[in-house]
Amino acid sequence: MPKSYEKDREIRTPPRRPTYSRLSKKERRAQLLACALDAFAERGLERAVHADVARKAGVSIPTVFVYFPTRRELVAAVLDEVERFLLTIVDEAPRSTGPVPAVLFETIWRFALSVESHSASMQVWLDWSTGIRGETWSLYLAVQDRIISDLREVVQRGQREGSVDENLDPGDAARIIVGEGHHVALMMFAGVDRERVRHFLAHLIESALLLGRAQVL
């Protein structure tokens with residue numbers, strides 16, 4: 001075959017299109033949920049819609065509706081993911097066997113660091129916490145109660161072991177710690193130095209458990 005023909009054939013042969021693997025339904029839903037978290041963190045619980053998710057995922061709006069048929073279901077999925085994430089932080093606290101003050105300190109420190117590692121989830125959580133008049137408020141209170149219950153259990157263990165004053169109300173101590181979680185998150189979002197945040201957390205545990213600094217760090 002003449003070389004000129006071979007060269008002409010190479011020029012005229014269209015390049016082969018790259019092939020892309022299709023996402024499974026499970027993978028696509030996970031991708032859309034991750035994009036939804038980002039969209040809700042950016043736009044807020046009251047404003048984010050399917051179109052925002054589609055834009056971030058690079059898919060059509062109808063594709064998002066296939067997985068989340070209504071806005072209510074989209075919001076519910078996002079909040080379920082935020083709840084799941086928060087509970088992974090605190091649910092292991094009651095199972096920890098270390099000194100109670102240290103367990104509480106490390107739990108809320110992990111919570112603080114999540115502002116950096118899971119910023120979107122934390123932004124949605126902060127937004128969620130302000131929706132007193134919204135239909136998701138009761139869900140927020142339920143998550144808050146679950147977190148308080150976990151920390152109350154840790155404080156009660158400290159009372160049984162003698163490291164926490166038996167006259168301290170464990171529910172009140174847990175509420176003090178959880179309530180300051182908002183302040184801690186805001187400190188992290190504001191870029192406060194990590195050591196300063198740790199100092200604040202140590203003081204928080206001291207105050208909640210009526211302890212001295214040496215018993216916390």
# chains A, B, ... in the order shown; residues from 1 in each chain; ligands from 1

$ residues_around --residues "Val103 of chain A" --least-positions-apart "2" --cutoff "12 Å" --atoms "only C-alpha atoms" --output "number ranges by chain"
A: 89-101, 105-110, 150-151, 153-155, 157-158, 202, 205, 215-217

$ atom_distance --atom1 "atom CA of Gln31 of chain A" --atom2 "atom CA of Val53 of chain A"
9.9 Å

$ residues_around --residues "segment 142-148 of chain A" --least-positions-apart "2" --cutoff "10 Å" --atoms "only C-alpha atoms" --output "CSV table (one decimal) with all heavy atoms, in the first residue's frame"
chain,number,residue,atom,x,y,z
A,80,ASP,N,-30.6,14.0,56.9
A,80,ASP,CA,-30.2,12.6,57.3
A,80,ASP,C,-28.7,12.4,57.3
A,80,ASP,O,-28.1,11.8,58.2
A,80,ASP,CB,-30.9,11.5,56.5
A,80,ASP,CG,-32.4,11.4,56.8
A,80,ASP,OD1,-32.8,11.9,57.9
A,80,ASP,OD2,-33.1,10.7,56.0
A,82,VAL,N,-26.4,14.8,57.4
A,82,VAL,CA,-25.8,15.6,58.5
A,82,VAL,C,-26.0,14.9,59.8
A,82,VAL,O,-25.0,14.9,60.6
A,82,VAL,CB,-26.4,17.0,58.5
A,82,VAL,CG1,-25.9,17.8,59.7
A,82,VAL,CG2,-26.1,17.8,57.2
A,83,GLU,N,-27.2,14.4,60.1
A,83,GLU,CA,-27.4,13.7,61.3
A,83,GLU,C,-26.4,12.5,61.5
A,83,GLU,O,-25.8,12.3,62.5
A,83,GLU,CB,-28.8,13.2,61.4
A,83,GLU,CG,-29.1,12.4,62.6
A,83,GLU,CD,-30.6,11.9,62.7
A,83,GLU,OE1,-31.4,12.3,61.8
A,83,GLU,OE2,-30.9,11.0,63.6
A,84,ARG,N,-26.3,11.7,60.4
A,84,ARG,CA,-25.5,10.5,60.4
A,84,ARG,C,-24.0,10.9,60.8
A,84,ARG,O,-23.4,10.3,61.6
A,84,ARG,CB,-25.5,9.8,59.1
A,84,ARG,CG,-24.7,8.6,59.0
A,84,ARG,CD,-24.3,8.2,57.6
A,84,ARG,NE,-23.5,9.2,57.0
A,84,ARG,CZ,-22.2,9.4,57.2
A,84,ARG,NH1,-21.6,8.6,58.1
A,84,ARG,NH2,-21.5,10.3,56.6
A,86,LEU,N,-22.9,13.7,62.3
A,86,LEU,CA,-22.8,14.2,63.7
A,86,LEU,C,-22.8,13.0,64.7
A,86,LEU,O,-22.0,13.0,65.7
A,86,LEU,CB,-23.9,15.1,64.1
A,86,LEU,CG,-23.9,16.5,63.4
A,86,LEU,CD1,-25.2,17.3,63.7
A,86,LEU,CD2,-22.7,17.3,63.8
A,87,LEU,N,-23.6,12.0,64.5
A,87,LEU,CA,-23.7,10.9,65.4
A,87,LEU,C,-22.5,10.0,65.4
A,87,LEU,O,-22.2,9.4,66.3
A,87,LEU,CB,-25.0,10.1,65.2
A,87,LEU,CG,-26.3,10.9,65.5
A,87,LEU,CD1,-27.5,10.0,65.2
A,87,LEU,CD2,-26.3,11.4,66.9
A,89,ILE,N,-19.6,11.1,65.3
A,89,ILE,CA,-18.7,11.8,66.2
A,89,ILE,C,-18.9,11.5,67.7
A,89,ILE,O,-18.0,11.2,68.5
A,89,ILE,CB,-18.7,13.3,66.0
A,89,ILE,CG1,-18.3,13.7,64.6
A,89,ILE,CG2,-17.8,14.0,67.0
A,89,ILE,CD1,-18.4,15.2,64.3
A,90,VAL,N,-20.2,11.5,68.1
A,90,VAL,CA,-20.5,11.4,69.5
A,90,VAL,C,-20.9,10.0,69.9
A,90,VAL,O,-20.8,9.7,71.1
A,90,VAL,CB,-21.7,12.4,69.9
A,90,VAL,CG1,-21.2,13.8,69.7
A,90,VAL,CG2,-22.9,12.1,69.1
A,91,ASP,N,-21.4,9.1,69.0
A,91,ASP,CA,-21.9,7.8,69.4
A,91,ASP,C,-20.8,6.9,70.0
A,91,ASP,O,-21.1,6.0,70.8
A,91,ASP,CB,-22.6,7.1,68.3
A,91,ASP,CG,-24.0,7.5,68.1
A,91,ASP,OD1,-24.5,8.3,69.0
A,91,ASP,OD2,-24.7,7.1,67.2
A,129,SER,N,-29.9,24.7,62.8
A,129,SER,CA,-30.1,25.0,64.2
A,129,SER,C,-30.8,26.3,64.4
A,129,SER,O,-31.3,26.6,65.5
A,129,SER,CB,-28.8,25.1,64.9
A,129,SER,OG,-28.0,26.2,64.5
A,137,TRP,N,-37.6,21.7,62.3
A,137,TRP,CA,-37.1,22.0,63.7
A,137,TRP,C,-37.2,20.8,64.6
A,137,TRP,O,-36.3,20.6,65.4
A,137,TRP,CB,-37.9,23.2,64.2
A,137,TRP,CG,-37.5,23.7,65.6
A,137,TRP,CD1,-38.3,23.7,66.7
A,137,TRP,CD2,-36.2,24.1,66.0
A,137,TRP,NE1,-37.6,24.1,67.8
A,137,TRP,CE2,-36.3,24.4,67.4
A,137,TRP,CE3,-35.0,24.3,65.4
A,137,TRP,CZ2,-35.2,24.9,68.1
A,137,TRP,CZ3,-33.9,24.8,66.1
A,137,TRP,CH2,-34.0,25.1,67.5
A,138,SER,N,-38.3,20.1,64.6
A,138,SER,CA,-38.5,19.0,65.5
A,138,SER,C,-37.4,17.9,65.2
A,138,SER,O,-37.0,17.2,66.1
A,138,SER,CB,-39.9,18.4,65.3
A,138,SER,OG,-40.1,17.9,64.0
A,139,LEU,N,-37.0,17.8,64.0
A,139,LEU,CA,-36.0,16.8,63.6
A,139,LEU,C,-34.6,17.3,64.2
A,139,LEU,O,-33.9,16.4,64.8
A,139,LEU,CB,-35.8,16.7,62.1
A,139,LEU,CG,-37.0,16.2,61.4
A,139,LEU,CD1,-36.8,16.2,59.8
A,139,LEU,CD2,-37.4,14.8,61.8
A,140,TYR,N,-34.4,18.6,64.2
A,140,TYR,CA,-33.2,19.1,64.8
A,140,TYR,C,-33.1,18.8,66.3
A,140,TYR,O,-32.1,18.4,66.9
A,140,TYR,CB,-33.0,20.6,64.6
A,140,TYR,CG,-31.8,21.2,65.3
A,140,TYR,CD1,-30.6,21.1,64.7
A,140,TYR,CD2,-32.0,21.8,66.5
A,140,TYR,CE1,-29.5,21.6,65.4
A,140,TYR,CE2,-30.9,22.4,67.1
A,140,TYR,CZ,-29.6,22.3,66.6
A,140,TYR,OH,-28.6,22.8,67.2
A,150,ASP,N,-26.0,10.9,74.6
A,150,ASP,CA,-24.7,10.2,74.6
A,150,ASP,C,-23.8,10.8,75.6
A,150,ASP,O,-23.1,10.1,76.3
A,150,ASP,CB,-24.2,10.3,73.2
A,150,ASP,CG,-24.7,9.3,72.2
A,150,ASP,OD1,-25.4,8.4,72.7
A,150,ASP,OD2,-24.4,9.3,71.0
A,151,LEU,N,-23.7,12.1,75.7
A,151,LEU,CA,-22.8,12.8,76.6
A,151,LEU,C,-23.2,12.6,78.0
A,151,LEU,O,-22.4,12.5,78.9
A,151,LEU,CB,-22.6,14.2,76.2
A,151,LEU,CG,-22.0,14.5,74.8
A,151,LEU,CD1,-21.7,16.0,74.7
A,151,LEU,CD2,-20.8,13.6,74.5
A,152,ARG,N,-24.5,12.6,78.3
A,152,ARG,CA,-25.0,12.4,79.6
A,152,ARG,C,-24.6,11.0,80.1
A,152,ARG,O,-24.2,10.9,81.3
A,152,ARG,CB,-26.5,12.4,79.6
A,152,ARG,CG,-27.1,12.2,81.1
A,152,ARG,CD,-28.6,11.9,81.0
A,152,ARG,NE,-29.4,13.0,80.4
A,152,ARG,CZ,-30.1,12.9,79.3
A,152,ARG,NH1,-30.2,11.8,78.7
A,152,ARG,NH2,-30.8,14.0,78.9
A,153,GLU,N,-24.6,10.0,79.2
A,153,GLU,CA,-24.2,8.7,79.6
A,153,GLU,C,-22.7,8.7,80.0
A,153,GLU,O,-22.3,8.0,81.0
A,153,GLU,CB,-24.4,7.7,78.4
A,153,GLU,CG,-24.2,6.3,78.7
A,153,GLU,CD,-24.5,5.4,77.6
A,153,GLU,OE1,-25.3,5.8,76.7
A,153,GLU,OE2,-24.0,4.2,77.5
A,154,VAL,N,-21.9,9.4,79.3
A,154,VAL,CA,-20.5,9.5,79.7
A,154,VAL,C,-20.3,10.2,81.0
A,154,VAL,O,-19.5,9.7,81.9
A,154,VAL,CB,-19.7,10.3,78.6
A,154,VAL,CG1,-18.2,10.5,79.0
A,154,VAL,CG2,-19.8,9.7,77.2
A,170,PRO,N,-26.1,15.2,85.5
A,170,PRO,CA,-25.4,14.8,84.2
A,170,PRO,C,-26.0,15.4,83.0
A,170,PRO,O,-25.4,15.7,82.0
A,170,PRO,CB,-25.5,13.3,84.3
A,170,PRO,CG,-26.6,13.0,85.2
A,170,PRO,CD,-26.6,14.1,86.2
A,171,GLY,N,-27.4,15.6,83.0
A,171,GLY,CA,-28.1,16.2,81.9
A,171,GLY,C,-27.7,17.6,81.7
A,171,GLY,O,-27.4,18.1,80.6
A,172,ASP,N,-27.5,18.4,82.8
A,172,ASP,CA,-27.1,19.8,82.7
A,172,ASP,C,-25.7,19.9,82.1
A,172,ASP,O,-25.4,20.8,81.3
A,172,ASP,CB,-27.2,20.5,84.0
A,172,ASP,CG,-28.7,20.7,84.5
A,172,ASP,OD1,-29.6,20.6,83.6
A,172,ASP,OD2,-28.9,21.1,85.7
A,173,ALA,N,-24.8,19.0,82.6
A,173,ALA,CA,-23.4,19.1,82.2
A,173,ALA,C,-23.4,18.8,80.7
A,173,ALA,O,-22.7,19.5,79.9
A,173,ALA,CB,-22.6,18.0,82.9
A,174,ALA,N,-24.2,17.8,80.2
A,174,ALA,CA,-24.2,17.5,78.8
A,174,ALA,C,-24.7,18.6,78.0
A,174,ALA,O,-24.2,18.9,76.9
A,174,ALA,CB,-25.0,16.2,78.6
A,175,ARG,N,-25.8,19.3,78.5
A,175,ARG,CA,-26.4,20.4,77.7
A,175,ARG,C,-25.4,21.6,77.6
A,175,ARG,O,-25.4,22.3,76.6
A,175,ARG,CB,-27.7,20.8,78.4
A,175,ARG,CG,-28.8,19.9,78.3
A,175,ARG,CD,-30.1,20.4,78.8
A,175,ARG,NE,-31.2,19.4,78.8
A,175,ARG,CZ,-31.4,18.5,79.7
A,175,ARG,NH1,-30.7,18.5,80.8
A,175,ARG,NH2,-32.4,17.6,79.6
A,176,ILE,N,-24.6,21.8,78.7
A,176,ILE,CA,-23.6,22.9,78.6
A,176,ILE,C,-22.6,22.6,77.5
A,176,ILE,O,-22.3,23.5,76.7
A,176,ILE,CB,-22.9,23.0,80.0
A,176,ILE,CG1,-23.9,23.6,81.0
A,176,ILE,CG2,-21.7,23.9,79.8
A,176,ILE,CD1,-23.3,23.6,82.4
A,177,ILE,N,-22.1,21.4,77.4
A,177,ILE,CA,-21.1,21.1,76.4
A,177,ILE,C,-21.7,21.1,75.0
A,177,ILE,O,-21.1,21.7,74.1
A,177,ILE,CB,-20.6,19.6,76.7
A,177,ILE,CG1,-19.9,19.6,78.0
A,177,ILE,CG2,-19.7,19.2,75.6
A,177,ILE,CD1,-19.5,18.2,78.5
A,178,VAL,N,-22.9,20.6,74.8
A,178,VAL,CA,-23.6,20.6,73.5
A,178,VAL,C,-23.9,22.0,73.1
A,178,VAL,O,-23.7,22.4,72.0
A,178,VAL,CB,-24.8,19.7,73.5
A,178,VAL,CG1,-25.6,19.8,72.2
A,178,VAL,CG2,-24.4,18.2,73.7
A,179,GLY,N,-24.4,22.8,74.1
A,179,GLY,CA,-24.8,24.2,73.8
A,179,GLY,C,-23.6,25.0,73.3
A,179,GLY,O,-23.8,25.9,72.4

$ residues_around --residues "Glu42 of chain A" --least-positions-apart "5" --cutoff "12 Å" --atoms "only C-alpha atoms" --output "short mmCIF file (atom, residue, chain, number, x, y, z; two decimals) with N, CA and C atoms, in the first residue's frame"
data_model
loop_
_atom_site.label_atom_id
_atom_site.label_comp_id
_atom_site.auth_asym_id
_atom_site.auth_seq_id
_atom_site.Cartn_x
_atom_site.Cartn_y
_atom_site.Cartn_z
N CYS A 35 -23.21 16.52 46.34
CA CYS A 35 -23.42 17.82 45.70
C CYS A 35 -24.54 18.60 46.39
N ALA A 36 -25.54 17.88 46.87
CA ALA A 36 -26.64 18.54 47.58
C ALA A 36 -26.14 19.17 48.87
N LEU A 37 -25.26 18.47 49.58
CA LEU A 37 -24.67 19.03 50.80
C LEU A 37 -23.95 20.34 50.49
N ARG A 47 -33.31 27.86 50.55
CA ARG A 47 -33.17 28.37 49.18
C ARG A 47 -32.67 27.33 48.18
N ALA A 48 -31.90 26.36 48.61
CA ALA A 48 -31.32 25.38 47.69
C ALA A 48 -32.42 24.53 47.04
N VAL A 49 -32.27 24.28 45.76
CA VAL A 49 -33.25 23.49 45.01
C VAL A 49 -32.54 22.47 44.13
N ASP A 52 -29.77 23.61 41.74
CA ASP A 52 -28.45 23.87 42.33
C ASP A 52 -27.63 22.58 42.41
N VAL A 53 -28.30 21.49 42.75
CA VAL A 53 -27.63 20.20 42.85
C VAL A 53 -27.19 19.74 41.47
N LYS A 56 -24.08 21.55 40.23
CA LYS A 56 -22.83 21.12 40.87
C LYS A 56 -22.42 19.73 40.42
N SER A 119 -16.74 20.64 56.10
CA SER A 119 -17.26 22.00 56.21
C SER A 119 -18.72 22.12 55.78
N ALA A 120 -19.10 21.46 54.68
CA ALA A 120 -20.47 21.58 54.18
C ALA A 120 -21.48 21.04 55.20
N SER A 121 -21.19 19.89 55.78
CA SER A 121 -22.09 19.31 56.78
C SER A 121 -22.24 20.23 57.98
N MET A 122 -21.15 20.83 58.40
CA MET A 122 -21.21 21.71 59.56
C MET A 122 -21.96 23.00 59.24
N GLN A 123 -21.81 23.51 58.03
CA GLN A 123 -22.56 24.71 57.65
C GLN A 123 -24.05 24.43 57.62
N VAL A 124 -24.42 23.27 57.07
CA VAL A 124 -25.84 22.91 57.05
C VAL A 124 -26.37 22.74 58.46
N ASP A 127 -27.04 26.11 59.97
CA ASP A 127 -28.25 26.67 59.37
C ASP A 127 -29.50 25.98 59.94
#

$ atom_distance --atom1 "atom CA of Arg196 of chain A" --atom2 "atom CA of Leu113 of chain A"
13.1 Å

$ closest_residue --among "A:Arg43, A:Ala30, A:Ala112, A:Arg160" --to "Phe200 of chain A" --atoms "only C-alpha atoms"
A:Ala112

$ residues_around --residues "Leu126 of chain A" --least-positions-apart "5" --cutoff "12 Å" --atoms "only C-alpha atoms" --output "list in words"
Phe40, Ala41, Gly44, Leu45, Leu79, Val82, Leu86, Val115, Ser119, Ala120, Ser121, Gly131, Tyr140, Gly181, His182, His183, Val184, Ala185, Leu186 and Phe189 of chain A
